[in-house]
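Structure file coords22.cif with mmCIF, C-alpha atoms and all ligand atoms:
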```
data_start
loop_
_atom_site.label_atom_id
_atom_site.label_comp_id
_atom_site.auth_asym_id
_atom_site.auth_seq_id
_atom_site.Cartn_x
_atom_site.Cartn_y
_atom_site.Cartn_z
CA MET A 287 76.76 35.39 -153.15
CA LYS A 288 79.47 33.66 -151.18
CA PRO A 289 79.70 29.89 -151.34
CA GLU A 290 77.67 28.35 -148.37
CA ARG A 291 78.84 29.68 -146.62
CA GLN A 292 76.60 30.35 -149.47
CA GLY A 293 74.09 28.48 -148.51
CA GLU A 294 75.83 45.37 -130.60
CA SER A 295 73.80 47.86 -123.74
CA GLU A 296 74.65 50.84 -125.65
CA PRO A 297 74.81 53.72 -125.56
CA ALA A 298 75.69 53.08 -121.95
CA THR A 299 73.57 54.35 -119.15
CA ARG A 300 76.70 55.09 -117.22
CA GLN A 301 79.50 57.43 -117.95
CA GLY A 302 83.01 57.30 -116.67
CA LYS A 303 86.66 57.96 -117.11
CA ASP A 304 89.00 56.46 -119.63
CA PRO A 305 90.74 53.66 -117.79
CA SER A 306 93.57 53.14 -120.18
CA GLY A 307 95.35 56.45 -120.19
CA ARG A 308 96.40 55.54 -123.70
CA GLY A 309 95.06 55.98 -127.15
CA LEU A 310 94.14 59.06 -129.09
CA THR A 311 96.11 62.23 -128.93
CA ARG A 312 94.03 65.36 -128.58
CA ARG A 313 94.96 66.21 -132.18
CA GLN A 314 93.59 62.88 -133.32
CA MET A 315 90.39 63.42 -131.41
CA VAL A 316 89.94 66.92 -132.81
CA LEU A 317 90.56 65.63 -136.32
CA LEU A 318 88.03 62.90 -135.82
CA GLY A 319 85.55 65.08 -134.04
CA LEU A 320 85.70 62.61 -131.19
CA ALA A 321 86.94 64.98 -128.49
CA GLY A 322 84.57 64.66 -125.61
CA LEU A 323 83.26 61.44 -127.10
CA ALA A 324 86.21 59.18 -126.65
CA GLY A 325 85.93 58.63 -122.95
CA VAL A 326 88.71 61.10 -122.19
CA ALA A 327 86.91 64.36 -121.77
CA GLY A 328 83.73 62.66 -120.60
CA THR A 329 81.84 60.07 -122.55
CA GLY A 330 78.64 60.58 -124.40
CA SER A 331 76.58 58.88 -127.02
CA VAL A 332 77.56 59.43 -130.64
CA VAL A 333 74.47 57.75 -131.92
CA ARG A 334 73.32 59.81 -134.86
CA TYR A 335 70.08 59.30 -136.62
CA ARG A 336 68.14 61.56 -138.82
CA ALA A 337 64.97 61.89 -136.85
CA GLN A 338 62.93 60.23 -134.19
CA MET A 339 60.49 58.11 -136.13
CA ALA A 340 57.18 56.69 -135.02
CA GLU A 341 57.52 53.07 -133.96
CA PRO A 342 56.84 50.88 -137.01
CA GLU A 343 53.74 48.73 -136.86
CA SER A 344 55.36 45.60 -138.17
CA GLY A 345 57.79 43.74 -136.03
CA TRP A 346 57.12 40.06 -136.01
CA ASP A 347 57.25 39.25 -139.68
CA VAL A 348 59.21 40.23 -142.75
CA PHE A 349 58.43 43.62 -144.29
CA ARG A 350 56.49 42.89 -147.48
CA GLY A 351 57.31 45.09 -150.47
CA ASP A 352 59.46 47.37 -148.31
CA ALA A 353 62.82 47.22 -150.12
CA PRO A 354 64.24 50.57 -151.29
CA LYS A 355 63.25 51.30 -154.87
CA GLY A 356 63.92 53.64 -157.78
CA GLU A 357 66.35 56.51 -157.23
CA LEU A 358 67.00 55.55 -153.62
CA TRP A 359 67.98 51.99 -154.53
CA GLU A 360 70.31 53.26 -157.26
CA LEU A 361 71.98 55.67 -154.84
CA TRP A 362 72.29 52.97 -152.24
CA LYS A 363 74.06 50.72 -154.73
CA GLN A 364 76.31 53.54 -155.99
CA ARG A 365 77.43 54.26 -152.45
CA GLY A 366 78.35 50.62 -151.97
CA TRP A 367 75.94 50.30 -149.07
CA ALA A 368 74.06 47.51 -150.85
CA LYS A 369 76.10 44.36 -151.32
CA GLU A 370 75.13 40.80 -152.13
CA ALA A 371 74.50 38.97 -148.90
CA TYR A 372 76.24 35.88 -147.55
CA HIS A 373 74.52 32.70 -146.39
CA TYR A 374 71.36 32.59 -148.47
CA SER A 375 69.78 30.36 -151.04
CA LYS A 376 67.56 31.06 -154.03
CA LEU A 377 64.11 29.62 -154.56
CA GLY A 378 63.34 30.86 -158.04
CA ARG A 379 62.91 34.62 -157.58
CA ASN A 380 62.44 34.19 -153.87
CA VAL A 381 65.34 33.94 -151.45
CA LEU A 382 65.87 32.28 -148.09
CA CYS A 383 68.27 33.93 -145.65
CA HIS A 384 70.21 31.50 -143.48
CA VAL A 385 72.11 33.93 -141.26
CA CYS A 386 69.84 33.79 -138.23
CA PRO A 387 67.09 31.49 -136.95
CA ASN A 388 64.40 33.81 -138.31
CA VAL A 389 65.23 32.26 -141.72
CA CYS A 390 63.29 34.92 -143.61
CA GLN A 391 61.78 33.85 -146.89
CA LEU A 392 61.62 36.92 -149.09
CA GLU A 393 59.79 37.56 -152.31
CA PRO A 394 61.13 40.24 -154.65
CA ASP A 395 61.17 43.65 -152.92
CA ASP A 396 60.61 42.16 -149.45
CA ARG A 397 62.80 43.14 -146.53
CA GLY A 398 63.92 40.75 -143.77
CA ARG A 399 62.95 41.06 -140.12
CA CYS A 400 66.28 42.61 -139.29
CA ARG A 401 65.45 45.39 -141.78
CA ASN A 402 68.93 45.00 -143.27
CA ARG A 403 68.41 42.45 -146.05
CA VAL A 404 66.26 42.85 -149.12
CA ASN A 405 65.39 40.70 -152.11
CA LYS A 406 66.01 42.60 -155.34
CA ASP A 407 65.17 40.60 -158.44
CA GLY A 408 65.98 37.28 -156.83
CA THR A 409 69.26 38.34 -155.21
CA LEU A 410 69.60 38.94 -151.48
CA TYR A 411 71.39 42.17 -150.57
CA THR A 412 72.52 43.57 -147.28
CA VAL A 413 71.74 47.29 -147.19
CA ALA A 414 73.92 47.99 -144.18
CA TYR A 415 77.36 47.60 -145.71
CA GLY A 416 79.91 50.25 -144.74
CA ASN A 417 77.29 52.59 -143.38
CA PRO A 418 77.48 52.75 -139.59
CA CYS A 419 75.01 55.03 -137.88
CA SER A 420 76.83 54.96 -134.56
CA MET A 421 80.51 55.09 -133.71
CA HIS A 422 82.37 55.52 -130.46
CA ILE A 423 85.63 54.68 -128.73
CA ASP A 424 84.71 52.80 -125.57
CA PRO A 425 86.60 51.25 -122.71
CA ILE A 426 86.26 47.48 -123.09
CA GLU A 427 84.65 47.44 -119.63
CA LYS A 428 81.63 49.18 -121.14
CA LYS A 429 80.66 46.13 -123.24
CA PRO A 430 81.02 44.76 -120.49
CA LEU A 431 84.02 42.47 -120.91
CA PHE A 432 85.98 42.20 -117.65
CA HIS A 433 88.41 39.38 -118.50
CA PHE A 434 89.57 40.58 -121.91
CA PHE A 435 92.35 43.16 -122.23
CA PRO A 436 91.20 45.19 -119.20
CA GLY A 437 91.61 48.93 -119.54
CA SER A 438 91.90 48.82 -123.32
CA ARG A 439 90.04 50.90 -125.88
CA SER A 440 87.60 49.34 -128.29
CA PHE A 441 86.51 51.02 -131.50
CA SER A 442 82.76 50.47 -131.36
CA LEU A 443 80.19 50.79 -134.07
CA ALA A 444 76.75 49.77 -135.26
CA THR A 445 74.42 50.03 -138.19
CA ALA A 446 70.65 50.21 -137.95
CA GLY A 447 68.67 46.98 -137.52
CA CYS A 448 68.31 43.96 -135.26
CA VAL A 449 67.06 40.38 -135.48
CA PHE A 450 65.16 40.75 -132.16
CA ARG A 451 62.34 42.95 -130.88
CA CYS A 452 63.26 43.41 -127.21
CA LEU A 453 60.62 45.34 -125.30
CA ASN A 454 63.33 46.78 -123.08
CA CYS A 455 65.82 47.76 -125.80
CA GLN A 456 67.94 50.74 -124.77
CA ASN A 457 68.98 51.39 -128.35
CA TRP A 458 65.67 51.02 -130.14
CA GLU A 459 66.27 54.30 -131.99
CA ILE A 460 68.81 52.43 -134.10
CA SER A 461 67.99 48.75 -133.56
CA GLN A 462 64.37 49.13 -134.66
CA ARG A 463 65.17 51.31 -137.67
CA LYS A 464 65.96 50.72 -141.30
CA PRO A 465 69.38 51.83 -142.56
CA GLU A 466 67.61 54.40 -144.79
CA GLU A 467 66.15 55.98 -141.65
CA THR A 468 69.61 56.61 -140.26
CA LYS A 469 71.51 57.54 -143.41
CA ASN A 470 71.10 60.08 -146.18
CA ALA A 471 72.18 58.71 -149.56
CA ARG A 472 71.10 61.91 -151.34
CA GLY A 473 73.68 64.17 -149.75
CA PRO A 474 77.31 64.40 -150.87
CA GLU A 475 79.21 61.23 -150.14
CA PHE A 476 81.63 61.34 -147.25
CA ARG A 477 84.19 58.59 -146.75
CA LEU A 478 86.35 58.69 -143.68
CA ARG A 479 89.89 57.55 -144.31
CA PRO A 480 92.70 57.96 -141.82
CA PRO A 481 94.19 60.45 -141.27
CA ALA A 482 90.65 61.56 -141.10
CA PRO A 483 89.21 65.01 -141.66
CA ALA A 484 87.15 66.59 -138.94
CA PHE A 485 83.53 65.62 -139.01
CA GLY A 486 80.54 66.49 -136.96
CA PRO A 487 77.16 65.04 -136.09
CA ALA A 488 75.59 65.98 -139.42
CA ASP A 489 78.27 64.04 -141.28
CA MET A 490 77.16 60.75 -139.74
CA GLU A 491 74.16 60.84 -142.06
CA ARG A 492 76.34 60.51 -145.17
CA LEU A 493 79.43 58.88 -143.73
CA SER A 494 80.67 55.66 -145.30
CA LEU A 495 83.17 53.56 -143.46
CA PHE A 496 84.03 50.47 -145.45
CA PRO A 497 85.94 47.64 -143.78
CA GLU A 498 89.41 48.76 -144.88
CA ASP A 499 88.74 52.31 -143.60
CA LEU A 500 87.26 51.03 -140.38
CA VAL A 501 90.24 48.83 -139.58
CA ALA A 502 92.74 51.56 -140.48
CA LEU A 503 90.84 54.02 -138.34
CA ALA A 504 90.75 51.67 -135.37
CA ALA A 505 94.51 51.17 -135.67
CA TRP A 506 95.08 54.91 -136.00
CA CYS A 507 93.04 55.44 -132.84
CA ASN A 508 95.26 52.93 -130.94
CA CYS A 509 92.33 50.63 -130.28
CA VAL A 510 93.16 47.08 -129.23
CA SER A 511 89.85 45.84 -130.58
CA ILE A 512 86.85 46.61 -132.75
CA SER A 513 83.48 45.97 -131.14
CA TYR A 514 80.46 45.25 -133.30
CA THR A 515 77.86 46.37 -130.86
CA TYR A 516 75.00 48.76 -129.90
CA SER A 517 72.48 47.13 -132.26
CA GLU A 518 73.15 43.51 -133.36
CA PRO A 519 76.14 42.42 -135.46
CA THR A 520 74.17 39.47 -136.88
CA ALA A 521 71.94 42.03 -138.59
CA TYR A 522 74.97 43.58 -140.35
CA TYR A 523 76.72 40.27 -140.79
CA GLU A 524 78.51 40.95 -144.10
CA TYR A 525 79.94 44.27 -142.96
CA ALA A 526 81.07 42.77 -139.65
CA TYR A 527 82.46 39.64 -141.33
CA ASP A 528 84.61 41.51 -143.84
CA SER A 529 85.82 43.93 -141.17
CA CYS A 530 86.70 41.09 -138.79
CA LYS A 531 88.76 39.38 -141.48
CA LEU A 532 90.77 42.53 -142.23
CA ALA A 533 91.16 43.37 -138.55
CA ARG A 534 92.55 39.91 -137.81
CA ALA A 535 95.15 40.40 -140.55
CA ARG A 536 96.22 43.64 -138.79
CA LYS A 537 96.26 41.97 -135.37
CA ILE A 538 93.32 43.99 -134.10
CA LYS A 539 90.97 41.96 -131.95
CA ASN A 540 87.32 41.46 -132.85
CA VAL A 541 84.51 41.57 -130.31
CA PHE A 542 80.86 40.74 -130.95
CA VAL A 543 78.32 42.12 -128.50
CA THR A 544 75.40 39.95 -129.51
CA CYS A 545 72.09 38.39 -128.61
CA GLY A 546 73.58 35.10 -129.84
CA SER A 547 70.67 34.31 -132.14
CA ILE A 548 72.59 33.22 -135.21
CA ASN A 549 72.70 29.99 -137.18
CA GLU A 550 75.67 27.72 -136.64
CA ALA A 551 77.17 27.88 -140.14
CA ALA A 552 77.16 31.68 -140.14
CA LEU A 553 78.54 31.77 -136.60
CA ARG A 554 81.36 29.35 -137.37
CA ASP A 555 82.20 31.34 -140.46
CA VAL A 556 82.65 34.64 -138.63
CA GLY A 557 83.75 32.91 -135.41
CA GLN A 558 87.14 32.04 -136.92
CA TYR A 559 87.95 35.78 -136.75
CA LEU A 560 86.36 36.56 -133.38
CA ASP A 561 88.43 36.96 -130.23
CA ALA A 562 85.69 37.66 -127.71
CA CYS A 563 81.94 37.63 -127.46
CA HIS A 564 79.71 39.26 -124.97
CA VAL A 565 76.45 37.32 -125.23
CA ASP A 566 73.19 38.64 -123.86
CA LEU A 567 71.39 35.64 -122.35
CA LYS A 568 68.05 37.33 -121.94
CA GLY A 569 66.12 34.60 -120.15
CA PHE A 570 66.04 30.88 -119.66
CA ASP A 571 62.79 29.68 -121.18
CA ASP A 572 61.12 30.02 -124.54
CA ASP A 573 58.01 31.75 -123.17
CA THR A 574 60.05 34.64 -121.81
CA TYR A 575 62.16 34.86 -124.96
CA ALA A 576 59.00 34.94 -127.08
CA LYS A 577 57.33 37.63 -124.97
CA LEU A 578 60.30 39.83 -124.24
CA ASN A 579 62.54 39.46 -127.27
CA ALA A 580 60.81 37.58 -130.10
CA GLY A 581 63.49 34.92 -129.86
CA ARG A 582 64.05 31.28 -128.88
CA LEU A 583 66.34 30.10 -126.11
CA HIS A 584 68.00 27.04 -127.60
CA PHE A 585 69.59 28.97 -130.45
CA ILE A 586 71.43 31.13 -127.95
CA LEU A 587 72.58 28.16 -125.89
CA ASP A 588 73.86 26.47 -129.05
CA SER A 589 75.75 29.63 -130.00
CA LEU A 590 77.37 29.84 -126.57
CA LYS A 591 78.63 26.27 -126.85
CA THR A 592 79.83 26.80 -130.43
CA LEU A 593 81.73 29.97 -129.54
CA GLN A 594 83.44 28.35 -126.61
CA SER A 595 84.36 25.28 -128.63
CA MET A 596 86.01 27.59 -131.17
CA GLY A 597 88.18 29.19 -128.51
CA VAL A 598 86.39 32.55 -128.50
CA TRP A 599 86.44 34.21 -125.07
CA VAL A 600 82.83 34.42 -123.84
CA GLU A 601 81.22 36.50 -121.12
CA ILE A 602 77.49 36.43 -120.44
CA ILE A 603 75.20 39.24 -119.37
CA HIS A 604 71.73 38.72 -118.01
CA LEU A 605 69.53 41.77 -117.67
CA VAL A 606 67.30 41.21 -114.67
CA VAL A 607 63.96 42.65 -115.79
CA PRO A 608 61.31 42.84 -113.05
CA THR A 609 58.41 40.41 -113.61
CA TYR A 610 60.14 38.92 -116.70
CA THR A 611 63.58 37.59 -115.87
CA ASP A 612 63.96 38.06 -112.13
CA LYS A 613 62.71 34.66 -110.91
CA PRO A 614 65.21 32.87 -108.66
CA ASP A 615 64.25 29.45 -110.09
CA MET A 616 64.98 30.59 -113.63
CA ILE A 617 68.26 32.21 -112.59
CA ARG A 618 69.25 29.02 -110.79
CA LYS A 619 68.62 26.93 -113.91
CA MET A 620 70.57 29.41 -116.02
CA CYS A 621 73.58 29.39 -113.70
CA ASP A 622 73.56 25.59 -113.44
CA TRP A 623 73.50 25.35 -117.24
CA ILE A 624 76.41 27.78 -117.58
CA ALA A 625 78.50 26.00 -114.95
CA THR A 626 77.84 22.60 -116.52
CA ASN A 627 78.15 23.53 -120.19
CA LEU A 628 80.60 26.43 -120.27
CA GLY A 629 82.39 25.81 -117.01
CA PRO A 630 82.79 27.77 -113.76
CA ASP A 631 85.27 30.23 -115.29
CA CYS A 632 82.72 31.83 -117.61
CA PRO A 633 82.05 35.33 -116.22
CA VAL A 634 78.40 36.23 -115.69
CA HIS A 635 77.13 39.80 -115.31
CA PHE A 636 73.73 40.39 -113.72
CA SER A 637 72.71 43.80 -114.92
CA ARG A 638 70.17 46.18 -113.45
CA PHE A 639 67.20 47.04 -115.64
CA HIS A 640 66.21 50.68 -116.06
CA PRO A 641 62.88 51.63 -117.65
CA ALA A 642 63.30 51.82 -121.44
CA HIS A 643 61.43 51.56 -124.74
CA LYS A 644 58.18 49.63 -124.20
CA LEU A 645 58.81 48.82 -120.54
CA GLN A 646 58.75 52.35 -119.18
CA HIS A 647 56.15 51.31 -116.61
CA LEU A 648 58.45 48.88 -114.78
CA PRO A 649 60.68 50.00 -111.90
CA PRO A 650 64.46 49.54 -111.91
CA THR A 651 65.54 46.13 -110.61
CA PRO A 652 65.77 46.18 -106.80
CA VAL A 653 69.38 45.79 -105.67
CA GLU A 654 68.38 42.90 -103.34
CA ILE A 655 67.24 40.90 -106.37
CA LEU A 656 70.61 41.44 -108.05
CA LEU A 657 72.46 40.41 -104.91
CA GLN A 658 70.28 37.31 -104.74
CA ALA A 659 71.12 36.49 -108.37
CA GLN A 660 74.82 36.91 -107.63
CA ALA A 661 74.52 34.57 -104.64
CA ILE A 662 72.72 31.99 -106.79
CA GLY A 663 75.47 32.19 -109.40
CA ARG A 664 78.17 31.70 -106.82
CA SER A 665 76.35 28.80 -105.20
CA ALA A 666 76.14 27.16 -108.65
CA GLY A 667 79.93 27.19 -108.67
CA LEU A 668 80.50 30.17 -110.96
CA ARG A 669 83.75 31.91 -110.02
CA TYR A 670 83.24 35.35 -111.52
CA VAL A 671 79.77 36.78 -110.95
CA TYR A 672 79.27 40.53 -111.29
CA ILE A 673 76.49 43.04 -110.79
CA GLY A 674 76.24 45.81 -113.36
CA ASN A 675 74.54 49.20 -113.55
CA VAL A 676 74.60 49.81 -109.79
CA PRO A 677 77.31 52.45 -109.31
CA GLY A 678 78.79 52.47 -105.83
CA LEU A 679 77.71 48.95 -104.87
CA ARG A 680 80.72 47.56 -103.07
CA GLY A 681 82.31 44.53 -104.72
CA ALA A 682 79.77 44.48 -107.56
CA GLU A 683 82.39 44.70 -110.29
CA THR A 684 85.37 43.30 -108.43
CA THR A 685 87.28 40.26 -109.64
CA PHE A 686 88.22 38.15 -106.64
CA CYS A 687 90.79 35.40 -106.77
CA PRO A 688 88.81 32.15 -106.55
CA ASN A 689 91.54 30.68 -104.35
CA CYS A 690 92.71 33.31 -101.83
CA ARG A 691 89.70 35.68 -102.24
CA GLN A 692 91.95 38.72 -102.56
CA VAL A 693 90.98 41.49 -104.96
CA VAL A 694 92.62 40.81 -108.31
CA ILE A 695 90.97 43.61 -110.31
CA ASP A 696 88.77 46.35 -108.95
CA ARG A 697 86.75 48.75 -111.02
CA ASP A 698 84.91 52.00 -110.54
CA ILE A 699 82.45 52.25 -113.40
CA TYR A 700 84.89 51.97 -116.34
CA SER A 701 88.07 52.75 -114.47
CA ILE A 702 90.50 50.15 -113.18
CA THR A 703 91.21 51.07 -109.54
CA ALA A 704 93.24 48.02 -108.52
CA PHE A 705 95.17 45.55 -110.66
CA ASN A 706 96.82 42.63 -108.92
CA LEU A 707 97.35 40.35 -111.84
CA ALA A 708 100.68 39.31 -113.33
CA ALA A 709 100.99 37.03 -116.35
CA GLY A 710 97.36 36.08 -115.90
CA LYS A 711 97.87 35.00 -112.27
CA CYS A 712 96.79 36.36 -108.91
CA LYS A 713 99.71 38.32 -107.48
CA PHE A 714 99.00 37.04 -103.98
CA CYS A 715 98.76 33.28 -104.49
CA GLN A 716 99.71 32.70 -108.16
CA THR A 717 96.36 31.14 -109.03
CA LYS A 718 95.57 31.42 -112.72
CA ILE A 719 92.67 33.77 -113.41
CA ALA A 720 90.61 32.87 -116.47
CA GLY A 721 90.67 35.43 -119.27
CA VAL A 722 92.60 36.92 -122.17
CA TRP A 723 94.97 39.35 -120.56
CA SER A 724 97.57 40.28 -123.13
S1 LIG B 1 69.57 37.95 -140.77
FE1 LIG B 1 67.78 39.25 -141.21
S2 LIG B 1 66.99 38.57 -143.18
FE2 LIG B 1 68.40 36.99 -142.44
S3 LIG B 1 67.07 35.49 -141.38
FE3 LIG B 1 67.82 36.94 -139.84
S4 LIG B 1 66.25 38.54 -139.70
FE4 LIG B 1 65.88 37.41 -141.61
#
```
Please express the file's structure as structure tokens.
Amino acid sequence: MKPERQGESEPATRQGKDPSGRGLTRRQMVLLGLAGLAGVAGTGSVVRYRAQMAEPESGWDVFRGDAPKGELWELWKQRGWAKEAYHYSKLGRNVLCHVCPNVCQLEPDDRGRCRNRVNKDGTLYTVAYGNPCSMHIDPIEKKPLFHFFPGSRSFSLATAGCVFRCLNCQNWEISQRKPEETKNARGPEFRLRPPAPAFGPADMERLSLFPEDLVALAAWCNCVSISYTYSEPTAYYEYAYDSCKLARARKIKNVFVTCGSINEAALRDVGQYLDACHVDLKGFDDDTYAKLNAGRLHFILDSLKTLQSMGVWVEIIHLVVPTYTDKPDMIRKMCDWIATNLGPDCPVHFSRFHPAHKLQHLPPTPVEILLQAQAIGRSAGLRYVYIGNVPGLRGAETTFCPNCRQVVIDRDIYSITAFNLAAGKCKFCQTKIAGVWS
């Protein structure tokens, strides 16, 4: 156990071109088996999981007696995929996890809500260490981060598991799964070390990618950053933490794509190595958070303030879900809070909902509602308000200079189509544009 300190929308619904024109050579992509997956020859999901499983019954509590046992547990430990967790305390043979506000209290052989932490004989283990189930090289715009190294590549990965239960989750096949449902510990072990051998979809089941390999691979792939994304990095905290620390030492940036539901001590601990966070602010009242996500609002607001106070670049996304999070009054309160507490330079992305997971019956968000949300954001004083997931909507993903209103950066899905920024300033009037540009 570490001293207390002791006590992740993907795959994207849109596909596009590589905006950077840099990065992997074709040889590198062939070696890695990423050709056609790296956003150069057309993007596609690399999410690999063993089988579509029936949706588990449990979801709102810890999983009693569900820790891996016997031969499977031994294999899991041998592979290094089980590692003593950070941020927990012992209560006799029980343990209390302090990473996220769920604060799971686990008896021996229980598994936490995130499915990634188990109590074995009074010690808390993460079972998601070095075992990603999804890996991809994405344009940073896909996170989306629009004011952070535009046009750069981000090495993106996830393990199974999540601290939330979003009804609309686009990645429920991995977020609502146990690591054992996405990995095969019984097959021959396969570690990927750069220069990497070719591997294919079947290899993802047995692939290990420990922090040192991950960081070396990201560097070898000419990625500016590593994104901990697709599912929820809080759920694979130890793996993300150790990787972030090594990446920082190699001057690779770290990006969390997160729901923001994490306790302050754990956030501050990993936050010292984070460069940017894309936080999914899913609603603006506890009722909605409880119904839609199994979460609580104030933890996310606290995280946003903590991240900004630590100098981490923050962008916010709000998925506008019909009948849940599309109310103008709620959006107004949210934008006012952002402007007051994070400032008018914090970019906000209003994203279009598409039917997914348990909300298949709802229609996509009407474009008029998204335009209304954008207008509300701007009237609250926010300078950079975007609309996502509506390809072809003019100006939806354009950065305008807040002073002269000229186009500073224009985008077409993930491609940069205009770039009128020099040394972080508008080329036309020299106004500073908020962001991390180089
Ligand atoms: S990180 Fe997982 S085990 Fe820890 S409190 Fe959160 S849901 Fe529970």
May I ask you to write as a ChimeraX atom specification all residues lying at most 8 Å from ligand LIG 1 (chain B), with all atoms listed in the file counted? /A:348,382-391,397-404,448-450,520-523,548
Output C-alpha atoms of each residue in that selection to a file, as a CSV table (one decimal), in the frame of the given file.
```csv
chain,number,residue,atom,x,y,z
A,348,VAL,CA,59.2,40.2,-142.8
A,382,LEU,CA,65.9,32.3,-148.1
A,383,CYS,CA,68.3,33.9,-145.6
A,384,HIS,CA,70.2,31.5,-143.5
A,385,VAL,CA,72.1,33.9,-141.3
A,386,CYS,CA,69.8,33.8,-138.2
A,387,PRO,CA,67.1,31.5,-137.0
A,388,ASN,CA,64.4,33.8,-138.3
A,389,VAL,CA,65.2,32.3,-141.7
A,390,CYS,CA,63.3,34.9,-143.6
A,391,GLN,CA,61.8,33.8,-146.9
A,397,ARG,CA,62.8,43.1,-146.5
A,398,GLY,CA,63.9,40.8,-143.8
A,399,ARG,CA,63.0,41.1,-140.1
A,400,CYS,CA,66.3,42.6,-139.3
A,401,ARG,CA,65.4,45.4,-141.8
A,402,ASN,CA,68.9,45.0,-143.3
A,403,ARG,CA,68.4,42.4,-146.0
A,404,VAL,CA,66.3,42.8,-149.1
A,448,CYS,CA,68.3,44.0,-135.3
A,449,VAL,CA,67.1,40.4,-135.5
A,450,PHE,CA,65.2,40.8,-132.2
A,520,THR,CA,74.2,39.5,-136.9
A,521,ALA,CA,71.9,42.0,-138.6
A,522,TYR,CA,75.0,43.6,-140.4
A,523,TYR,CA,76.7,40.3,-140.8
A,548,ILE,CA,72.6,33.2,-135.2
```
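Take the candidates A:His422, A:Lys577, A:Lys464, A:Arg477 and check each one against Gly366 in chain A using all atoms listed in the file; the shortest distance goes to A:Arg477.
Pairwise distance (CA of Val541 in chain A, CA of Val510 in chain A) equals 10.3 Å.
Here CA of Leu657 in chain A is placed at a distance of 14.8 Å from CA of Ile603 in chain A.
Counting all atoms listed in the file, the residue from A:Phe570, A:Tyr610, A:Phe432, A:Tyr516 that sits nearest to Tyr670 in chain A is A:Phe432.
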Within 8 Å of range 376-381 of chain A, counting all atoms listed in the file, which residues show up once you throw out same-chain ones fewer than 2 positions away? Write them as a PyMOL selection string, please. chain A and resi 374+383+391-394+405+407-410
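Omitting Lys711 in chain A and its sequence neighbours fewer than 5 positions away, and counting all atoms listed in the file, the residues within 10 Å are Cys687, Val694, Asn706, Gln716, Thr717, Lys718, Ile719, Ala720 and Trp723 of chain A.
Proximity of A:Ala576, A:Gly416, A:Ile538, A:His433 to Thr684 in chain A, computed with all atoms listed in the file, is greatest for A:His433.
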Expressed in Å to a single decimal, how great is the separation between CA of Asp612 in chain A and CA of Leu578 in chain A? 12.8 Å
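Nearest residue to Asn540 in chain A among A:Tyr411, A:Tyr514, A:Phe585, A:Tyr525 is A:Tyr514, counting all atoms listed in the file.
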Between A:Pro465, A:Pro650, A:Pro418, A:Pro430, which one has atoms that come closest to Asp566 in chain A, using all atoms listed in the file? A:Pro430
Counting all atoms listed in the file, closest pick from A:Val501, A:Val607, A:Leu707, A:Ile617 relative to Pro649 in chain A is A:Val607
With range 628-635 of chain A as the partner and 8 Å as the cut-off, tabulate the residues of range 672-698 of chain A that qualify, each row holding the nearest pair of atoms and their distance in Å to one decimal, using all atoms listed in the file, sorted by chain and rising number, as a tab-separated table.
```
residue	atom	partner	partner_atom	distance
A:Tyr672	CA	A:His635	CA	4.6
A:Ile673	CA	A:His635	CA	5.6
A:Gly674	CA	A:His635	CA	6.4
```
Can you sort out the box for range 410-424 of chain A, edges along x, y and z, all listed atoms in, 8 Å on every side, with centre and edge lengths in Å to one decimal, as AutoDock Vina command-line options?
```
--center_x 77.6 --center_y 47.2 --center_z -138.5 --size_x 32.0 --size_y 32.6 --size_z 41.9
```
